[in-house]
>>> print(open('target.txt').read())   # compact mmCIF, C-alpha atoms and all ligand atoms
# COMPACT_ATOMS: atom_id res chain seq x y z
CA MET T 1 48.07 -39.11 8.53
CA LYS T 2 51.50 -38.91 6.88
CA ARG T 3 53.63 -35.99 8.00
CA ARG T 4 53.83 -34.54 4.48
CA ASP T 5 50.07 -34.56 4.18
CA PHE T 6 49.75 -32.96 7.59
CA ILE T 7 52.12 -30.15 6.61
CA LYS T 8 50.25 -29.68 3.36
CA LYS T 9 46.90 -29.56 5.19
CA SER T 10 48.16 -27.17 7.88
CA THR T 11 49.52 -24.86 5.23
CA ILE T 12 46.13 -24.82 3.59
CA VAL T 13 44.43 -24.24 6.95
CA THR T 14 46.89 -21.46 7.82
CA SER T 15 46.52 -19.78 4.50
CA VAL T 16 42.72 -20.11 4.66
CA ALA T 17 42.83 -18.68 8.18
CA GLY T 18 45.10 -15.91 6.96
CA LEU T 19 42.75 -15.24 4.10
CA SER T 20 39.71 -15.17 6.42
CA ALA T 21 41.50 -12.79 8.79
CA PHE T 22 42.33 -10.60 5.82
CA SER T 23 38.79 -10.70 4.42
CA LEU T 24 37.37 -10.16 7.92
CA GLY T 25 39.56 -7.10 8.26
CA CYS T 26 38.34 -5.84 4.90
CA ARG T 27 34.76 -6.61 5.85
CA ARG T 28 35.13 -4.74 9.11
CA ALA T 29 36.46 -1.70 7.31
CA GLU T 30 33.60 -2.04 4.82
CA ASP T 31 31.08 -2.39 7.70
CA GLU T 32 32.47 0.70 9.40
CA LYS T 33 31.85 2.58 6.19
CA ASN T 34 28.36 1.08 5.81
CA ILE T 35 27.29 1.49 9.43
CA ASN T 36 27.69 5.24 9.08
CA VAL T 37 25.99 6.02 12.39
CA ASN T 38 24.53 9.36 13.13
CA ARG T 39 26.88 10.85 15.73
CA GLY T 40 24.18 12.37 17.92
CA LYS T 41 23.30 15.20 15.55
CA VAL T 42 19.53 15.79 15.44
CA VAL T 43 18.05 15.48 11.95
CA LYS T 44 14.67 17.16 11.54
CA LEU T 45 12.31 16.07 8.76
CA LYS T 46 8.98 17.52 7.63
CA LEU T 47 6.39 14.94 6.62
CA ALA T 48 2.96 15.92 5.24
CA THR T 49 -0.02 13.56 5.00
CA SER T 50 -3.22 13.38 2.96
CA TRP T 51 -5.34 12.75 6.10
CA PRO T 52 -6.90 15.00 8.74
CA ALA T 53 -5.02 15.28 12.05
CA HIS T 54 -4.94 11.97 13.99
CA PHE T 55 -7.34 10.36 11.48
CA PRO T 56 -8.08 6.87 12.88
CA ILE T 57 -5.71 4.08 11.90
CA MET T 58 -4.07 5.83 8.92
CA GLY T 59 -3.37 9.17 10.64
CA THR T 60 -2.60 7.67 14.04
CA GLY T 61 -0.43 5.11 12.22
CA VAL T 62 1.82 7.84 10.83
CA ASP T 63 1.87 9.64 14.23
CA ASN T 64 3.15 6.40 15.79
CA PHE T 65 5.70 6.00 13.00
CA ALA T 66 7.20 9.41 13.84
CA ASP T 67 7.19 8.57 17.58
CA ARG T 68 8.95 5.26 16.92
CA CYS T 69 11.64 6.95 14.77
CA ARG T 70 12.31 9.35 17.67
CA GLU T 71 12.40 6.52 20.23
CA ILE T 72 14.62 4.13 18.30
CA SER T 73 17.05 6.87 17.29
CA GLY T 74 17.34 8.21 20.82
CA GLY T 75 15.77 11.45 19.67
CA THR T 76 18.15 12.09 16.78
CA LEU T 77 15.56 11.44 14.05
CA ASP T 78 12.89 14.05 14.63
CA ILE T 79 10.00 13.80 12.16
CA THR T 80 7.21 16.38 12.39
CA VAL T 81 3.91 15.17 10.91
CA TYR T 82 1.75 17.80 9.20
CA PRO T 83 -1.86 16.66 8.62
CA LYS T 84 -3.53 17.54 5.32
CA ASN T 85 -3.81 21.19 4.35
CA ILE T 86 -1.70 22.41 7.29
CA LEU T 87 1.55 22.73 5.39
CA VAL T 88 0.55 21.27 2.03
CA PRO T 89 -2.87 20.53 0.40
CA ALA T 90 -3.76 16.81 0.69
CA LEU T 91 -3.10 15.93 -2.94
CA GLU T 92 0.00 18.09 -3.43
CA VAL T 93 2.22 16.10 -1.07
CA PHE T 94 3.78 14.18 -3.98
CA ASP T 95 4.88 17.31 -5.86
CA THR T 96 6.08 19.22 -2.81
CA THR T 97 8.22 16.25 -1.72
CA SER T 98 9.45 15.73 -5.27
CA ASN T 99 10.66 19.34 -5.47
CA ALA T 100 12.10 19.22 -1.91
CA GLN T 101 9.82 21.82 -0.32
CA ILE T 102 9.14 19.13 2.30
CA ASP T 103 11.11 15.93 3.05
CA ALA T 104 8.45 13.20 2.99
CA PHE T 105 4.77 12.34 2.76
CA HIS T 106 2.27 9.68 3.82
CA SER T 107 -0.52 9.01 1.34
CA GLY T 108 -2.18 6.50 -1.02
CA ILE T 109 -0.32 5.52 -4.18
CA TYR T 110 -3.40 5.45 -6.44
CA TYR T 111 -3.71 9.25 -6.12
CA TRP T 112 -0.70 9.65 -8.43
CA LYS T 113 -1.81 7.60 -11.44
CA GLY T 114 -1.91 10.86 -13.44
CA LYS T 115 1.92 11.07 -13.02
CA ASN T 116 2.38 7.53 -14.32
CA SER T 117 -0.48 5.05 -14.72
CA ALA T 118 1.90 2.27 -13.54
CA PHE T 119 1.69 3.68 -10.00
CA SER T 120 -1.88 2.41 -9.70
CA ILE T 121 -0.50 -1.17 -9.82
CA PHE T 122 1.72 -0.51 -6.78
CA GLY T 123 -1.34 0.89 -4.99
CA GLY T 124 -3.34 -2.34 -5.42
CA MET T 125 -5.51 -3.88 -8.11
CA PRO T 126 -9.26 -4.61 -8.30
CA LEU T 127 -9.91 -8.37 -8.06
CA GLY T 128 -6.18 -8.86 -7.46
CA LEU T 129 -3.72 -9.39 -4.63
CA THR T 130 -4.66 -9.01 -0.96
CA SER T 131 -2.62 -6.76 1.36
CA GLU T 132 -0.38 -9.59 2.52
CA GLU T 133 0.13 -10.78 -1.05
CA MET T 134 0.88 -7.24 -2.28
CA ILE T 135 3.57 -6.82 0.38
CA THR T 136 5.05 -10.21 -0.56
CA TRP T 137 5.14 -9.24 -4.25
CA MET T 138 6.78 -5.94 -3.40
CA LYS T 139 9.40 -7.31 -1.00
CA PHE T 140 10.24 -10.61 -2.67
CA GLY T 141 8.73 -10.58 -6.16
CA GLY T 142 10.37 -7.45 -7.59
CA GLY T 143 7.56 -4.91 -7.04
CA LEU T 144 9.54 -2.64 -4.71
CA GLU T 145 12.50 -2.38 -7.10
CA LEU T 146 10.22 -1.32 -9.95
CA TRP T 147 8.34 1.13 -7.73
CA ARG T 148 11.61 2.72 -6.55
CA GLU T 149 12.98 2.89 -10.07
CA MET T 150 9.82 4.62 -11.34
CA TYR T 151 9.60 7.03 -8.38
CA ALA T 152 13.32 7.92 -8.79
CA LYS T 153 12.34 9.81 -11.96
CA PHE T 154 10.48 12.17 -9.59
CA ASN T 155 13.46 12.21 -7.18
CA LEU T 156 11.42 10.19 -4.68
CA TYR T 157 12.21 7.13 -2.55
CA PRO T 158 9.09 5.16 -1.54
CA LEU T 159 8.59 2.76 1.37
CA ILE T 160 5.48 0.70 2.12
CA GLY T 161 3.63 2.81 4.71
CA GLY T 162 0.67 0.70 5.76
CA THR T 163 -2.15 -1.15 4.07
CA THR T 164 -5.91 -1.32 4.57
CA GLY T 165 -6.68 -5.02 4.21
CA PRO T 166 -9.69 -5.89 2.04
CA GLN T 167 -12.04 -2.94 1.54
CA MET T 168 -15.82 -3.20 1.30
CA GLY T 169 -17.62 -2.72 -2.03
CA GLY T 170 -19.59 0.27 -0.78
CA TRP T 171 -22.94 1.64 0.34
CA PHE T 172 -25.89 1.64 -2.06
CA LYS T 173 -29.29 3.30 -1.72
CA LYS T 174 -30.88 0.59 -3.87
CA GLU T 175 -30.23 -3.11 -4.10
CA ILE T 176 -28.12 -4.34 -7.05
CA ASN T 177 -29.58 -7.59 -8.38
CA SER T 178 -28.06 -7.65 -11.85
CA LEU T 179 -25.61 -5.87 -14.10
CA GLU T 180 -28.63 -3.96 -15.48
CA ASP T 181 -29.19 -2.27 -12.10
CA LEU T 182 -25.84 -0.49 -12.38
CA LYS T 183 -26.73 1.44 -15.53
CA GLY T 184 -26.64 5.19 -14.94
CA LEU T 185 -25.84 4.84 -11.23
CA LYS T 186 -23.76 7.69 -9.83
CA MET T 187 -21.10 6.35 -7.48
CA ARG T 188 -18.16 7.84 -5.64
CA ILE T 189 -15.37 5.40 -6.54
CA PRO T 190 -11.77 6.29 -7.51
CA GLY T 191 -8.93 4.47 -9.27
CA LEU T 192 -9.00 1.35 -11.44
CA GLY T 193 -12.17 0.22 -9.65
CA GLY T 194 -13.86 3.41 -10.86
CA GLU T 195 -12.65 2.73 -14.42
CA VAL T 196 -14.12 -0.80 -14.30
CA MET T 197 -17.42 0.51 -12.88
CA LYS T 198 -17.56 3.08 -15.68
CA ARG T 199 -17.42 0.27 -18.24
CA LEU T 200 -20.22 -1.50 -16.38
CA GLY T 201 -22.45 1.54 -16.95
CA VAL T 202 -21.80 3.44 -13.70
CA ASN T 203 -20.99 7.13 -13.66
CA PRO T 204 -17.95 7.25 -11.30
CA ILE T 205 -17.63 10.48 -9.37
CA LEU T 206 -14.68 11.78 -7.33
CA LEU T 207 -15.64 13.64 -4.16
CA PRO T 208 -13.59 14.86 -1.21
CA ALA T 209 -14.35 12.92 1.99
CA GLY T 210 -16.22 15.85 3.55
CA GLU T 211 -18.82 15.95 0.76
CA ILE T 212 -19.67 12.25 0.41
CA TYR T 213 -22.33 11.95 3.10
CA THR T 214 -24.33 15.03 2.03
CA SER T 215 -24.15 14.01 -1.64
CA LEU T 216 -25.47 10.55 -0.75
CA GLU T 217 -28.20 11.97 1.48
CA ARG T 218 -29.37 14.47 -1.18
CA GLY T 219 -29.22 11.90 -3.98
CA THR T 220 -26.45 13.70 -5.91
CA ILE T 221 -24.83 10.25 -5.80
CA ASP T 222 -26.55 6.84 -5.45
CA ALA T 223 -23.66 4.93 -3.91
CA THR T 224 -20.20 5.31 -2.43
CA GLU T 225 -17.29 3.17 -1.47
CA TRP T 226 -14.99 4.23 1.38
CA VAL T 227 -12.84 1.73 3.29
CA GLY T 228 -14.40 -0.82 5.66
CA PRO T 229 -16.76 -0.95 8.66
CA ALA T 230 -14.38 0.82 11.10
CA LEU T 231 -13.94 3.99 9.07
CA ASP T 232 -17.27 3.78 7.16
CA SER T 233 -19.37 3.75 10.33
CA MET T 234 -17.83 7.08 11.35
CA MET T 235 -19.15 8.59 8.10
CA GLY T 236 -22.78 7.71 8.88
CA PHE T 237 -23.49 6.12 5.46
CA ALA T 238 -25.75 3.48 7.07
CA LYS T 239 -28.40 6.17 7.72
CA VAL T 240 -28.87 6.99 4.03
CA ALA T 241 -27.75 3.91 2.08
CA PRO T 242 -28.73 0.63 3.80
CA TYR T 243 -27.20 -1.88 1.32
CA TYR T 244 -23.60 -2.58 2.23
CA TYR T 245 -21.80 -4.62 -0.43
CA THR T 246 -18.79 -6.88 0.06
CA GLY T 247 -15.58 -5.90 -1.65
CA TRP T 248 -13.78 -6.59 -4.92
CA HIS T 249 -12.17 -3.34 -6.07
CA GLU T 250 -9.59 -2.75 -3.31
CA PRO T 251 -8.54 -6.13 -1.89
CA GLY T 252 -5.18 -4.81 -0.67
CA SER T 253 -4.52 -1.10 -1.03
CA ILE T 254 -0.98 -0.06 -0.17
CA LEU T 255 -0.12 3.25 1.48
CA GLU T 256 3.27 4.89 1.27
CA ILE T 257 5.84 6.78 3.29
CA THR T 258 7.80 8.45 0.53
CA MET T 259 10.96 10.51 0.99
CA ASN T 260 12.65 13.03 -1.22
CA LEU T 261 15.43 10.88 -2.78
CA THR T 262 18.20 13.48 -2.36
CA LYS T 263 17.23 13.87 1.28
CA TRP T 264 17.12 10.08 1.76
CA ASN T 265 20.68 9.79 0.39
CA THR T 266 21.96 12.40 2.85
CA LEU T 267 20.66 10.38 5.85
CA SER T 268 23.04 8.14 7.80
CA LYS T 269 22.66 4.38 7.23
CA GLU T 270 21.49 4.26 10.83
CA HIS T 271 18.61 6.68 10.22
CA GLN T 272 17.72 4.97 6.94
CA ALA T 273 17.54 1.62 8.77
CA ILE T 274 15.37 3.14 11.50
CA ILE T 275 12.93 4.52 8.92
CA GLN T 276 12.85 1.13 7.18
CA CYS T 277 12.13 -0.69 10.47
CA ALA T 278 9.53 1.85 11.60
CA THR T 279 7.65 1.65 8.26
CA ASP T 280 7.67 -2.17 8.44
CA GLU T 281 6.26 -2.01 11.95
CA MET T 282 3.67 0.56 10.88
CA THR T 283 2.56 -1.62 7.95
CA SER T 284 2.09 -4.70 10.05
CA ASN T 285 0.34 -2.79 12.87
CA MET T 286 -2.00 -1.02 10.47
CA LEU T 287 -3.10 -4.26 8.83
CA GLN T 288 -3.82 -5.84 12.22
CA GLU T 289 -5.57 -2.71 13.54
CA PHE T 290 -7.82 -2.55 10.47
CA ARG T 291 -8.67 -6.23 10.82
CA TYR T 292 -9.57 -5.95 14.52
CA LYS T 293 -11.45 -2.66 14.33
CA ASN T 294 -13.36 -3.69 11.17
CA ALA T 295 -14.48 -6.87 12.93
CA LEU T 296 -15.67 -4.87 15.95
CA ALA T 297 -17.40 -2.20 13.85
CA LEU T 298 -19.18 -4.81 11.70
CA GLN T 299 -20.72 -6.22 14.85
CA GLU T 300 -21.98 -2.78 15.85
CA LEU T 301 -23.57 -1.71 12.55
CA PRO T 302 -27.28 -0.74 12.89
CA SER T 303 -29.67 -3.65 12.29
CA SER T 304 -31.15 -1.74 9.31
CA VAL T 305 -27.94 -2.41 7.35
CA GLN T 306 -28.14 -5.31 4.89
CA ILE T 307 -24.85 -6.96 3.92
CA LYS T 308 -24.99 -7.98 0.26
CA THR T 309 -22.73 -9.56 -2.34
CA PHE T 310 -22.71 -8.26 -5.91
CA PRO T 311 -24.46 -10.46 -8.47
CA ASP T 312 -22.42 -13.02 -10.42
CA ASP T 313 -23.07 -11.47 -13.85
CA MET T 314 -21.65 -8.17 -12.60
CA MET T 315 -18.45 -9.74 -11.23
CA LYS T 316 -17.99 -11.82 -14.40
CA LYS T 317 -18.25 -8.69 -16.54
CA ALA T 318 -15.99 -6.76 -14.11
CA LYS T 319 -13.22 -9.36 -14.66
CA GLU T 320 -13.57 -9.03 -18.43
CA VAL T 321 -13.51 -5.24 -18.57
CA LEU T 322 -10.61 -5.11 -16.08
CA GLN T 323 -8.56 -7.18 -18.56
CA ASP T 324 -9.47 -4.70 -21.31
CA VAL T 325 -8.38 -1.75 -19.13
CA LEU T 326 -5.05 -3.46 -18.29
CA GLU T 327 -4.32 -4.39 -21.90
CA GLU T 328 -5.14 -0.90 -23.16
CA GLU T 329 -2.93 0.74 -20.54
CA SER T 330 -0.08 -1.73 -21.20
CA SER T 331 -0.05 -0.83 -24.87
CA LYS T 332 0.10 2.89 -24.03
CA ASN T 333 2.67 2.85 -21.22
CA SER T 334 5.72 0.54 -21.11
CA ASP T 335 6.16 1.19 -17.36
CA PHE T 336 2.61 -0.05 -16.81
CA LYS T 337 3.38 -3.17 -18.83
CA ARG T 338 6.58 -3.90 -16.86
CA ALA T 339 4.83 -3.43 -13.51
CA LEU T 340 1.86 -5.52 -14.64
CA ASP T 341 4.09 -8.34 -15.96
CA SER T 342 5.94 -8.50 -12.64
CA TYR T 343 2.63 -8.39 -10.73
CA ASN T 344 1.12 -11.13 -12.91
CA ASN T 345 4.17 -13.38 -12.56
CA PHE T 346 3.81 -13.22 -8.80
CA TYR T 347 0.02 -13.59 -9.01
CA VAL T 348 0.32 -16.90 -10.90
CA LEU T 349 3.12 -18.23 -8.67
CA ASN T 350 1.28 -17.29 -5.48
CA LYS T 351 -2.19 -18.43 -6.56
CA LYS T 352 -1.08 -21.99 -7.16
CA TYR T 353 0.23 -22.24 -3.60
CA ASP T 354 -2.47 -20.10 -1.98
CA ASP T 355 -5.24 -22.25 -3.47
CA ILE T 356 -3.90 -25.39 -1.80
CA SER T 357 -2.97 -23.63 1.46
CA THR T 358 -4.94 -20.58 2.68
CA LYS T 359 -7.95 -20.85 0.36
CA ASN T 360 -8.33 -24.56 0.95
CA PHE T 361 -7.99 -24.16 4.69
CA LEU T 362 -10.49 -21.27 4.90
CA GLU T 363 -13.01 -23.42 3.05
CA ILE T 364 -12.44 -26.29 5.47
CA ARG T 365 -12.67 -23.94 8.46
CA SER T 366 -15.92 -22.37 7.32
CA CA T 401 -11.57 2.93 -0.85
>>> encode(input="target.txt", output="structure tokens", more="lines below")
Ligand code: CA
Amino acid sequence: MKRRDFIKKSTIVTSVAGLSAFSLGCRRAEDEKNINVNRGKVVKLKLATSWPAHFPIMGTGVDNFADRCREISGGTLDITVYPKNILVPALEVFDTTSNAQIDAFHSGIYYWKGKNSAFSIFGGMPLGLTSEEMITWMKFGGGLELWREMYAKFNLYPLIGGTTGPQMGGWFKKEINSLEDLKGLKMRIPGLGGEVMKRLGVNPILLPAGEIYTSLERGTIDATEWVGPALDSMMGFAKVAPYYYTGWHEPGSILEITMNLTKWNTLSKEHQAIIQCATDEMTSNMLQEFRYKNALALQELPSSVQIKTFPDDMMKKAKEVLQDVLEEESSKNSDFKRALDSYNNFYVLNKKYDDISTKNFLEIRS
């Protein structure tokens, strides 16, 4: 190398090094600002849920979440969990967090579709994405940004707070052999699935958990959905409705840990990061716990239970009427349309790959 070139090169290297040192210094200052650790001060938060105390999987999941926040923060993030109706009625947790009477809640997103119908898309769609796919859409496909933007109007900051995995189609007193058999049937089924069932001739009924079994036993309702074998078997439905149908209406329902937005913004970056990590852990644990416990509970169902799959004509019609419901809602609510467009973009992208990977493999494996 000629001397002149060497000098030229070294100058560049030196100036690049100088520049990096400068930018590193800036970055460090910026990091200091961003790290914003909690300096040992204990922050206490009140979190209300929509479940009874220590309710299996969902309730114990949120108990563990609070424990993990305490552990990881060295005791400085102290979240007290209030089961349903202790501090706040089960379905008022959204409003009380929104108006800052409490700091956070753990619940199901589909409960709030009356606030904005778009929320039902973030909660999971009949015949749509599975739990794992929903989380992928939210984290990488734009779903979370839209959800946060729409919740910000209620001064709320949502995080994914667990998911159920695929839910079963429900317990029926009589066998369903055709679309015709659904006509006039009274079924406990909420959300978009309930809306689809309504258009298939069912009379969808909303009942609190405590009243479902008695209503089914007395014939006030003919069928009910709940979750899956693990939680359903605790409700005793098998004794009064022996036909247990496979699922379609809740393939991947998402639960939420939602914070009051003003409160969230007052937390240190450290505490925000701990809450983010603990909700991620909770989501993954809950999905695995549901999978394992559903598999165990399925094995232990009474032999009188008959596992059935809904007839083809019913599922074909369900797909058609679901499209009608989505189109109608999109024309009424621009938020719904934006959320649905984002969801559909991911659905198409994912399906192409999933068909040649997971779906193909599961077919080979079976
Ligand atoms: Ca359900």
>>> residues_near_ligand(input="target.txt", ligand="ligand CA 401 (chain T)", cutoff="8 Å", atoms="only C-alpha atoms and all ligand atoms", output="PyMOL selection string")
chain T and resi 167-168+189-190+225-227+250
>>> atom_distance(input="target.txt", atom1="atom CA of T:Trp137", atom2="atom CA of T:Asn294")
24.7 Å
>>> atom_distance(input="target.txt", atom1="atom CA of T:Thr279", atom2="atom CA of T:Gly161")
5.5 Å
>>> residues_around(input="target.txt", residues="stretch 299-313 of chain T", least_positions_apart="3", cutoff="6 Å", atoms="all atoms listed in the file", output="list in words")
Asn177, Ser178, Pro242, Tyr243, Tyr244, Tyr245, Thr246, Leu296 and Lys316 of chain T
>>> closest_residue(input="target.txt", among="T:Glu145, T:Glu256, T:Glu92, T:Asp63", to="T:Gly124", atoms="all atoms listed in the file")
T:Glu256
>>> residues_around(input="target.txt", residues="T:Ser253", least_positions_apart="3", cutoff="7 Å", atoms="only C-alpha atoms", output="ChimeraX atom specification")
/T:123-124,131,163-165,250
>>> closest_atom_pairs(input="target.txt", of="stretch 161-276 of chain T", to="stretch 98-102 of chain T", cutoff="9 Å", atoms="all atoms listed in the file", output="tab-separated table")
residue	atom	partner	partner_atom	distance
T:Met259	CA	T:Ser98	CA	8.3
T:Asn260	CA	T:Ser98	CA	5.8
T:Leu261	CA	T:Ser98	CA	8.1
T:Thr262	CA	T:Ala100	CA	8.4
T:Lys263	CA	T:Ala100	CA	8.1
